[in-house]
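Data block for query.cif (mmCIF, C-alpha atoms, pLDDT in the B column; chains and numbers go by the auth columns):
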data_model
loop_
_atom_site.group_PDB
_atom_site.id
_atom_site.type_symbol
_atom_site.label_atom_id
_atom_site.label_comp_id
_atom_site.label_asym_id
_atom_site.label_seq_id
_atom_site.Cartn_x
_atom_site.Cartn_y
_atom_site.Cartn_z
_atom_site.B_iso_or_equiv
_atom_site.auth_seq_id
_atom_site.auth_asym_id
ATOM 1 C CA MET A 1 -27.089 -86.736 -116.281 94.00 1 S
ATOM 2 C CA LEU A 2 -26.490 -83.059 -117.097 96.00 2 S
ATOM 3 C CA GLU A 3 -22.734 -83.364 -117.684 95.00 3 S
ATOM 4 C CA ASN A 4 -21.772 -81.700 -121.008 96.00 4 S
ATOM 5 C CA ILE A 5 -25.458 -80.908 -121.658 98.00 5 S
ATOM 6 C CA LYS A 6 -26.136 -77.475 -123.142 98.00 6 S
ATOM 7 C CA ALA A 7 -29.814 -77.969 -124.055 98.00 7 S
ATOM 8 C CA VAL A 8 -32.641 -80.003 -122.564 98.00 8 S
ATOM 9 C CA LEU A 9 -35.470 -80.895 -124.957 98.00 9 S
ATOM 10 C CA PHE A 10 -38.878 -82.079 -123.778 98.00 10 S
ATOM 11 C CA ASP A 11 -41.732 -83.893 -125.342 97.00 11 S
ATOM 12 C CA LEU A 12 -44.955 -82.286 -124.067 96.00 12 S
ATOM 13 C CA ASP A 13 -47.785 -84.723 -123.320 95.00 13 S
ATOM 14 C CA GLY A 14 -46.973 -87.268 -120.640 95.00 14 S
ATOM 15 C CA THR A 15 -43.464 -85.839 -120.283 97.00 15 S
ATOM 16 C CA LEU A 16 -43.652 -82.183 -119.304 97.00 16 S
ATOM 17 C CA VAL A 17 -47.376 -82.129 -118.513 97.00 17 S
ATOM 18 C CA ASP A 18 -49.795 -84.771 -117.228 95.00 18 S
ATOM 19 C CA SER A 19 -52.177 -84.763 -120.178 93.00 19 S
ATOM 20 C CA MET A 20 -52.346 -88.172 -121.861 89.00 20 S
ATOM 21 C CA TRP A 21 -55.775 -88.812 -120.274 90.00 21 S
ATOM 22 C CA VAL A 22 -57.170 -85.837 -122.189 92.00 22 S
ATOM 23 C CA TRP A 23 -56.754 -87.477 -125.570 90.00 23 S
ATOM 24 C CA LYS A 24 -58.523 -90.707 -124.683 89.00 24 S
ATOM 25 C CA ASP A 25 -61.531 -88.650 -123.560 92.00 25 S
ATOM 26 C CA ILE A 26 -61.396 -86.622 -126.780 93.00 26 S
ATOM 27 C CA ASP A 27 -61.062 -89.727 -128.965 94.00 27 S
ATOM 28 C CA ILE A 28 -64.127 -91.292 -127.339 95.00 28 S
ATOM 29 C CA GLU A 29 -66.219 -88.143 -127.747 95.00 29 S
ATOM 30 C CA TYR A 30 -65.011 -87.341 -131.269 97.00 30 S
ATOM 31 C CA LEU A 31 -65.406 -90.818 -132.757 97.00 31 S
ATOM 32 C CA GLY A 32 -68.759 -91.144 -131.019 97.00 32 S
ATOM 33 C CA LYS A 33 -70.070 -88.209 -133.062 96.00 33 S
ATOM 34 C CA PHE A 34 -69.522 -90.317 -136.178 97.00 34 S
ATOM 35 C CA GLY A 35 -70.976 -93.514 -134.707 97.00 35 S
ATOM 36 C CA HIS A 36 -67.686 -95.195 -133.821 97.00 36 S
ATOM 37 C CA ALA A 37 -66.520 -96.628 -130.501 97.00 37 S
ATOM 38 C CA LEU A 38 -62.894 -96.130 -129.526 95.00 38 S
ATOM 39 C CA PRO A 39 -61.165 -99.385 -130.511 95.00 39 S
ATOM 40 C CA ASP A 40 -58.558 -100.970 -128.268 91.00 40 S
ATOM 41 C CA GLY A 41 -55.041 -100.086 -129.306 90.00 41 S
ATOM 42 C CA LEU A 42 -55.836 -96.972 -131.339 93.00 42 S
ATOM 43 C CA GLN A 43 -53.679 -94.723 -129.176 87.00 43 S
ATOM 44 C CA ASN A 44 -50.757 -97.116 -129.626 87.00 44 S
ATOM 45 C CA GLU A 45 -51.243 -96.975 -133.404 92.00 45 S
ATOM 46 C CA ILE A 46 -50.923 -93.173 -133.500 94.00 46 S
ATOM 47 C CA GLU A 47 -48.094 -92.806 -130.952 89.00 47 S
ATOM 48 C CA GLY A 48 -45.475 -90.352 -132.178 87.00 48 S
ATOM 49 C CA MET A 49 -47.467 -89.154 -135.184 93.00 49 S
ATOM 50 C CA SER A 50 -47.704 -85.415 -135.691 93.00 50 S
ATOM 51 C CA PHE A 51 -51.065 -83.693 -135.199 94.00 51 S
ATOM 52 C CA SER A 52 -51.549 -83.613 -138.988 95.00 52 S
ATOM 53 C CA GLU A 53 -50.412 -87.218 -139.503 94.00 53 S
ATOM 54 C CA THR A 54 -52.864 -88.324 -136.802 96.00 54 S
ATOM 55 C CA ALA A 55 -55.744 -86.468 -138.466 97.00 55 S
ATOM 56 C CA VAL A 56 -55.022 -88.095 -141.841 97.00 56 S
ATOM 57 C CA TYR A 57 -54.762 -91.524 -140.198 97.00 57 S
ATOM 58 C CA ILE A 58 -58.051 -91.127 -138.285 98.00 58 S
ATOM 59 C CA LYS A 59 -59.831 -89.717 -141.332 98.00 59 S
ATOM 60 C CA ASN A 60 -58.825 -92.709 -143.468 98.00 60 S
ATOM 61 C CA LYS A 61 -59.323 -95.370 -140.802 97.00 61 S
ATOM 62 C CA PHE A 62 -62.836 -94.240 -139.837 98.00 62 S
ATOM 63 C CA GLN A 63 -63.898 -92.581 -143.097 97.00 63 S
ATOM 64 C CA ILE A 64 -64.449 -89.225 -141.391 98.00 64 S
ATOM 65 C CA PRO A 65 -66.216 -86.912 -143.888 97.00 65 S
ATOM 66 C CA ASP A 66 -64.733 -83.661 -142.514 98.00 66 S
ATOM 67 C CA PRO A 67 -61.570 -82.140 -144.034 97.00 67 S
ATOM 68 C CA VAL A 68 -58.334 -82.686 -142.093 97.00 68 S
ATOM 69 C CA GLU A 69 -58.091 -78.988 -141.144 97.00 69 S
ATOM 70 C CA LYS A 70 -61.583 -79.055 -139.623 97.00 70 S
ATOM 71 C CA MET A 71 -60.709 -82.223 -137.685 97.00 71 S
ATOM 72 C CA LYS A 72 -57.629 -80.538 -136.222 96.00 72 S
ATOM 73 C CA ALA A 73 -59.609 -77.387 -135.358 96.00 73 S
ATOM 74 C CA ASP A 74 -62.276 -79.499 -133.627 96.00 74 S
ATOM 75 C CA TRP A 75 -59.634 -81.360 -131.575 96.00 75 S
ATOM 76 C CA ASN A 76 -57.992 -78.088 -130.550 94.00 76 S
ATOM 77 C CA ARG A 77 -61.356 -76.691 -129.464 94.00 77 S
ATOM 78 C CA MET A 78 -62.210 -79.842 -127.493 95.00 78 S
ATOM 79 C CA ALA A 79 -58.820 -79.844 -125.734 94.00 79 S
ATOM 80 C CA TRP A 80 -58.522 -76.116 -125.058 94.00 80 S
ATOM 81 C CA ASP A 81 -60.381 -75.890 -121.737 91.00 81 S
ATOM 82 C CA LYS A 82 -58.803 -79.092 -120.410 92.00 82 S
ATOM 83 C CA TYR A 83 -55.294 -77.819 -121.222 93.00 83 S
ATOM 84 C CA THR A 84 -56.118 -74.453 -119.697 94.00 84 S
ATOM 85 C CA TYR A 85 -57.708 -75.624 -116.431 93.00 85 S
ATOM 86 C CA GLU A 86 -57.061 -79.340 -115.864 93.00 86 S
ATOM 87 C CA VAL A 87 -53.545 -80.220 -117.127 94.00 87 S
ATOM 88 C CA PRO A 88 -50.764 -79.804 -114.524 96.00 88 S
ATOM 89 C CA LEU A 89 -47.013 -79.904 -114.977 97.00 89 S
ATOM 90 C CA LYS A 90 -45.433 -83.242 -114.084 97.00 90 S
ATOM 91 C CA ASP A 91 -44.117 -83.547 -110.529 97.00 91 S
ATOM 92 C CA GLY A 92 -40.872 -81.612 -110.113 98.00 92 S
ATOM 93 C CA ALA A 93 -40.915 -80.262 -113.671 98.00 93 S
ATOM 94 C CA LEU A 94 -41.053 -76.589 -112.706 97.00 94 S
ATOM 95 C CA GLU A 95 -38.157 -76.943 -110.268 97.00 95 S
ATOM 96 C CA PHE A 96 -36.101 -78.715 -112.939 98.00 96 S
ATOM 97 C CA LEU A 97 -36.910 -76.042 -115.521 98.00 97 S
ATOM 98 C CA ASP A 98 -35.831 -73.383 -113.020 97.00 98 S
ATOM 99 C CA HIS A 99 -32.559 -75.204 -112.390 97.00 99 S
ATOM 100 C CA CYS A 100 -31.751 -75.456 -116.108 97.00 100 S
ATOM 101 C CA HIS A 101 -32.746 -71.857 -116.761 96.00 101 S
ATOM 102 C CA LYS A 102 -30.563 -70.538 -113.924 96.00 102 S
ATOM 103 C CA ASN A 103 -27.599 -72.619 -115.117 97.00 103 S
ATOM 104 C CA ASP A 104 -27.746 -71.400 -118.733 97.00 104 S
ATOM 105 C CA ILE A 105 -28.963 -74.723 -120.109 98.00 105 S
ATOM 106 C CA ARG A 106 -31.218 -73.942 -123.040 98.00 106 S
ATOM 107 C CA LEU A 107 -34.699 -75.439 -123.080 98.00 107 S
ATOM 108 C CA GLY A 108 -36.774 -76.695 -125.973 98.00 108 S
ATOM 109 C CA ILE A 109 -40.008 -78.548 -126.685 98.00 109 S
ATOM 110 C CA ALA A 110 -40.425 -81.106 -129.463 98.00 110 S
ATOM 111 C CA THR A 111 -44.037 -82.251 -129.519 96.00 111 S
ATOM 112 C CA SER A 112 -46.492 -84.131 -131.698 93.00 112 S
ATOM 113 C CA ASN A 113 -49.244 -81.861 -130.393 93.00 113 S
ATOM 114 C CA SER A 114 -50.579 -78.752 -132.122 94.00 114 S
ATOM 115 C CA ARG A 115 -48.884 -75.356 -131.995 94.00 115 S
ATOM 116 C CA GLU A 116 -52.038 -73.833 -130.497 93.00 116 S
ATOM 117 C CA LEU A 117 -52.086 -76.204 -127.526 94.00 117 S
ATOM 118 C CA VAL A 118 -48.357 -76.115 -126.787 95.00 118 S
ATOM 119 C CA ASP A 119 -48.423 -72.309 -126.824 95.00 119 S
ATOM 120 C CA ASN A 120 -51.445 -72.411 -124.506 94.00 120 S
ATOM 121 C CA ILE A 121 -49.676 -74.698 -122.012 94.00 121 S
ATOM 122 C CA ILE A 122 -46.590 -72.466 -121.980 96.00 122 S
ATOM 123 C CA LYS A 123 -48.750 -69.396 -121.332 95.00 123 S
ATOM 124 C CA VAL A 124 -50.954 -71.033 -118.667 94.00 124 S
ATOM 125 C CA HIS A 125 -47.913 -72.061 -116.619 95.00 125 S
ATOM 126 C CA GLY A 126 -46.007 -68.813 -117.177 95.00 126 S
ATOM 127 C CA LEU A 127 -43.121 -70.452 -119.028 94.00 127 S
ATOM 128 C CA GLU A 128 -42.774 -68.000 -121.927 93.00 128 S
ATOM 129 C CA SER A 129 -39.246 -66.932 -120.935 94.00 129 S
ATOM 130 C CA TYR A 130 -37.917 -70.461 -120.518 96.00 130 S
ATOM 131 C CA PHE A 131 -37.897 -71.976 -123.988 96.00 131 S
ATOM 132 C CA SER A 132 -35.469 -71.185 -126.808 92.00 132 S
ATOM 133 C CA GLY A 133 -36.915 -73.607 -129.335 93.00 133 S
ATOM 134 C CA VAL A 134 -40.455 -74.980 -129.616 96.00 134 S
ATOM 135 C CA VAL A 135 -41.151 -77.319 -132.536 97.00 135 S
ATOM 136 C CA THR A 136 -44.232 -79.360 -133.473 96.00 136 S
ATOM 137 C CA GLY A 137 -44.298 -82.471 -135.609 94.00 137 S
ATOM 138 C CA CYS A 138 -46.281 -80.552 -138.231 93.00 138 S
ATOM 139 C CA GLU A 139 -43.286 -78.254 -138.801 96.00 139 S
ATOM 140 C CA VAL A 140 -40.916 -81.029 -139.917 96.00 140 S
ATOM 141 C CA GLU A 141 -41.012 -83.680 -142.616 95.00 141 S
ATOM 142 C CA LYS A 142 -41.574 -86.754 -140.452 94.00 142 S
ATOM 143 C CA GLY A 143 -43.015 -87.328 -136.981 93.00 143 S
ATOM 144 C CA LYS A 144 -41.494 -89.529 -134.294 95.00 144 S
ATOM 145 C CA PRO A 145 -39.737 -92.031 -134.295 96.00 145 S
ATOM 146 C CA ALA A 146 -37.912 -90.083 -137.031 96.00 146 S
ATOM 147 C CA PRO A 147 -35.398 -87.667 -135.465 98.00 147 S
ATOM 148 C CA ASP A 148 -36.598 -84.595 -137.404 97.00 148 S
ATOM 149 C CA VAL A 149 -38.438 -82.778 -134.611 97.00 149 S
ATOM 150 C CA TYR A 150 -35.553 -83.144 -132.138 98.00 150 S
ATOM 151 C CA LEU A 151 -32.932 -82.101 -134.658 98.00 151 S
ATOM 152 C CA GLU A 152 -34.974 -78.984 -135.439 98.00 152 S
ATOM 153 C CA ALA A 153 -35.413 -78.191 -131.741 98.00 153 S
ATOM 154 C CA ALA A 154 -31.647 -78.475 -131.204 98.00 154 S
ATOM 155 C CA LYS A 155 -31.066 -76.211 -134.188 98.00 155 S
ATOM 156 C CA ARG A 156 -33.417 -73.566 -132.782 97.00 156 S
ATOM 157 C CA CYS A 157 -31.593 -73.794 -129.445 97.00 157 S
ATOM 158 C CA CYS A 158 -28.280 -73.361 -131.328 98.00 158 S
ATOM 159 C CA VAL A 159 -26.873 -76.505 -129.681 98.00 159 S
ATOM 160 C CA SER A 160 -25.295 -79.582 -131.301 98.00 160 S
ATOM 161 C CA PRO A 161 -27.279 -82.844 -130.931 98.00 161 S
ATOM 162 C CA GLU A 162 -24.509 -84.504 -128.903 98.00 162 S
ATOM 163 C CA ASN A 163 -24.924 -81.793 -126.255 98.00 163 S
ATOM 164 C CA CYS A 164 -28.699 -82.298 -125.932 98.00 164 S
ATOM 165 C CA LEU A 165 -30.649 -84.310 -123.368 98.00 165 S
ATOM 166 C CA VAL A 166 -34.167 -85.434 -124.318 98.00 166 S
ATOM 167 C CA PHE A 167 -37.032 -86.245 -121.949 98.00 167 S
ATOM 168 C CA GLU A 168 -39.695 -88.574 -123.391 98.00 168 S
ATOM 169 C CA ASP A 169 -42.542 -90.740 -122.129 97.00 169 S
ATOM 170 C CA ILE A 170 -43.249 -92.994 -125.132 94.00 170 S
ATOM 171 C CA LEU A 171 -41.064 -95.416 -127.073 96.00 171 S
ATOM 172 C CA PRO A 172 -41.329 -93.705 -130.493 95.00 172 S
ATOM 173 C CA GLY A 173 -40.160 -90.460 -128.864 97.00 173 S
ATOM 174 C CA ILE A 174 -37.261 -92.179 -127.114 98.00 174 S
ATOM 175 C CA LEU A 175 -36.219 -93.721 -130.434 98.00 175 S
ATOM 176 C CA ALA A 176 -36.495 -90.298 -132.101 98.00 176 S
ATOM 177 C CA GLY A 177 -34.142 -88.756 -129.545 98.00 177 S
ATOM 178 C CA LYS A 178 -31.636 -91.585 -129.897 98.00 178 S
ATOM 179 C CA ALA A 179 -31.825 -91.386 -133.709 98.00 179 S
ATOM 180 C CA ALA A 180 -30.979 -87.685 -133.392 98.00 180 S
ATOM 181 C CA GLY A 181 -27.759 -88.617 -131.572 98.00 181 S
ATOM 182 C CA MET A 182 -28.920 -87.299 -128.211 98.00 182 S
ATOM 183 C CA LYS A 183 -28.972 -88.666 -124.675 98.00 183 S
ATOM 184 C CA VAL A 184 -32.503 -89.654 -123.666 98.00 184 S
ATOM 185 C CA CYS A 185 -34.202 -89.891 -120.279 98.00 185 S
ATOM 186 C CA ALA A 186 -37.468 -91.841 -120.206 98.00 186 S
ATOM 187 C CA VAL A 187 -40.193 -90.382 -117.982 98.00 187 S
ATOM 188 C CA GLU A 188 -42.699 -92.596 -116.205 97.00 188 S
ATOM 189 C CA ASP A 189 -46.328 -91.972 -117.098 96.00 189 S
ATOM 190 C CA ALA A 190 -49.456 -93.972 -116.255 91.00 190 S
ATOM 191 C CA TYR A 191 -50.412 -94.112 -119.927 88.00 191 S
ATOM 192 C CA SER A 192 -47.213 -95.961 -120.947 90.00 192 S
ATOM 193 C CA LEU A 193 -46.565 -97.936 -117.763 91.00 193 S
ATOM 194 C CA SER A 194 -46.930 -101.236 -119.651 91.00 194 S
ATOM 195 C CA GLN A 195 -43.903 -100.209 -121.746 92.00 195 S
ATOM 196 C CA LYS A 196 -41.682 -99.526 -118.726 96.00 196 S
ATOM 197 C CA GLU A 197 -39.089 -102.238 -119.438 97.00 197 S
ATOM 198 C CA GLU A 198 -38.885 -101.354 -123.145 97.00 198 S
ATOM 199 C CA LYS A 199 -38.457 -97.681 -122.267 97.00 199 S
ATOM 200 C CA GLN A 200 -35.722 -98.447 -119.738 98.00 200 S
ATOM 201 C CA LYS A 201 -33.802 -100.509 -122.296 98.00 201 S
ATOM 202 C CA ALA A 202 -34.116 -97.928 -125.075 98.00 202 S
ATOM 203 C CA ALA A 203 -33.252 -94.852 -122.985 98.00 203 S
ATOM 204 C CA ASP A 204 -30.061 -93.815 -121.202 98.00 204 S
ATOM 205 C CA TYR A 205 -31.912 -92.910 -118.002 98.00 205 S
ATOM 206 C CA TYR A 206 -35.339 -93.461 -116.431 98.00 206 S
ATOM 207 C CA ILE A 207 -37.147 -91.294 -113.861 98.00 207 S
ATOM 208 C CA ARG A 208 -40.510 -91.525 -112.105 97.00 208 S
ATOM 209 C CA ASN A 209 -40.562 -87.747 -111.615 97.00 209 S
ATOM 210 C CA TYR A 210 -38.213 -84.787 -111.949 98.00 210 S
ATOM 211 C CA TYR A 211 -37.455 -84.691 -108.238 97.00 211 S
ATOM 212 C CA GLU A 212 -35.246 -87.756 -108.830 97.00 212 S
ATOM 213 C CA ILE A 213 -32.745 -85.714 -110.838 95.00 213 S
ATOM 214 C CA ALA A 214 -29.737 -84.582 -108.798 81.00 214 S
ATOM 215 C CA MET A 215 -29.572 -80.777 -108.998 76.00 215 S
#
As a first step, turn the structure in this file into structure tokens.
Amino acid sequence: MLENIKAVLFDLDGTLVDSMWVWKDIDIEYLGKFGHALPDGLQNEIEGMSFSETAVYIKNKFQIPDPVEKMKADWNRMAWDKYTYEVPLKDGALEFLDHCHKNDIRLGIATSNSRELVDNIIKVHGLESYFSGVVTGCEVEKGKPAPDVYLEAAKRCCVSPENCLVFEDILPGILAGKAAGMKVCAVEDAYSLSQKEEKQKAADYYIRNYYEIAM
């Protein structure tokens, strides 16, 4: 899997950290403040969208009166403690990061989450020295499944796309990595388990956890 790979790029939620459950809780609480129940399928509708794209979508869909920037600030505040105290790394992720770091494989993150929360996760787990390029969907023109965020992460790692390996847990992210011309490994996550076959077909590799990678 790592042959000819000079950079490994990770999605964050559901891929590097076990955090997808956080956002369902937040969606229920946030929409409840405005008198809305969380509709079935909403999280599928916003998969791959950047933090800003998601805020615009939610604002329009539910007629939220608050400005988009306030919505994003509220979500960051609601998620902060959970990301600080309740969100672990995925099984085997730290060992895999260590292996890449020791073997001069550059590491990057390409996430649809906010800059505040990704920086918090990196700090909480002591990973500041690991990553060469961290990019959020808000920093590029289009969110996933467009390749923009992965191409920018590769650029910040100073590595050509063909020498990058992407780890992703959702289909739009897998498609983004493939559209960027990169190899993609799908990561199993409870949130996207119903998409397992689609993920396996779209990706080059599939793992249940990072311990499965030969190192």
Written as a list in words, which residues does the PyMOL selection byres ((chain S and resi 184-192) around 7) give for the file shown? Gly14, Thr15, Met20, Leu165, Val166, Phe167, Glu168, Asp169, Ile170, Ile174, Gly177, Lys178, Met182, Lys183, Leu193, Ser194, Gln195, Lys196, Lys199, Gln200, Ala203, Asp204, Tyr205, Tyr206, Ile207, Arg208 and Asn209 of chain S
Quick one: of S:Ala176, S:Leu117, S:Leu127, S:Leu107, who's nearest to Ala73 of chain S, counting all atoms listed in the file? S:Leu117
Please report the interatomic distance between atom CA of Glu53 of chain S and atom CA of Met71 of chain S in Å with one decimal.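 Atom-to-atom, atom CA of Glu53 of chain S and atom CA of Met71 of chain S are spaced 11.6 Å apart.
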Ranking S:Met78, S:Ile5, S:Ala110, S:Val56 by minimum distance to Lys24 of chain S and counting only C-alpha atoms, which one comes first?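 For Lys24 of chain S, the nearest of the candidates is S:Met78.
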Coordinates-based distance that separates atom CA of Cys157 of chain S from atom CA of His125 of chain S (Å, one decimal):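 We find that atom CA of His125 of chain S and atom CA of Cys157 of chain S lie 20.8 Å from each other.
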Suppose you want the space between atom CA of Gly41 of chain S and atom CA of Lys61 of chain S; what is it in Å?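 Interatomic distance, atom CA of Gly41 of chain S to atom CA of Lys61 of chain S: 13.1 Å.
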Expand the PyMOL selection byres ((chain S and resi 27-35) around 10) into the explicit residue set it covers here, and present it as a ChimeraX atom specification. /S:22-26,36-39,42-43,58,62-65,71,74-75,78
Mind telling me what the PyMOL selection byres ((chain S and resi 138) around 10) catches here, as an NGL selection string? :S and (49-53 or 111-115 or 135-137 or 139-143 or 149)
Find the spatial neighbours of Asp18 of chain S, counting all atoms listed in the file, within a cut-off of 10 Å - ignore same-chain residues fewer than 5 positions away - and output them as a list in words.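 After dropping sequence-adjacent residues, the list is Leu12, Asp13, Tyr83, Glu86, Val87, Pro88, Leu89, Lys90, Asp91, Asp189, Ala190 and Tyr191 of chain S.
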Using all atoms listed in the file, find the one residue out of S:Lys59, S:Lys72, S:His99, S:Arg77 that sits nearest to Ile213 of chain S.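 Counting all atoms listed in the file, the residue closest to Ile213 of chain S is S:His99.
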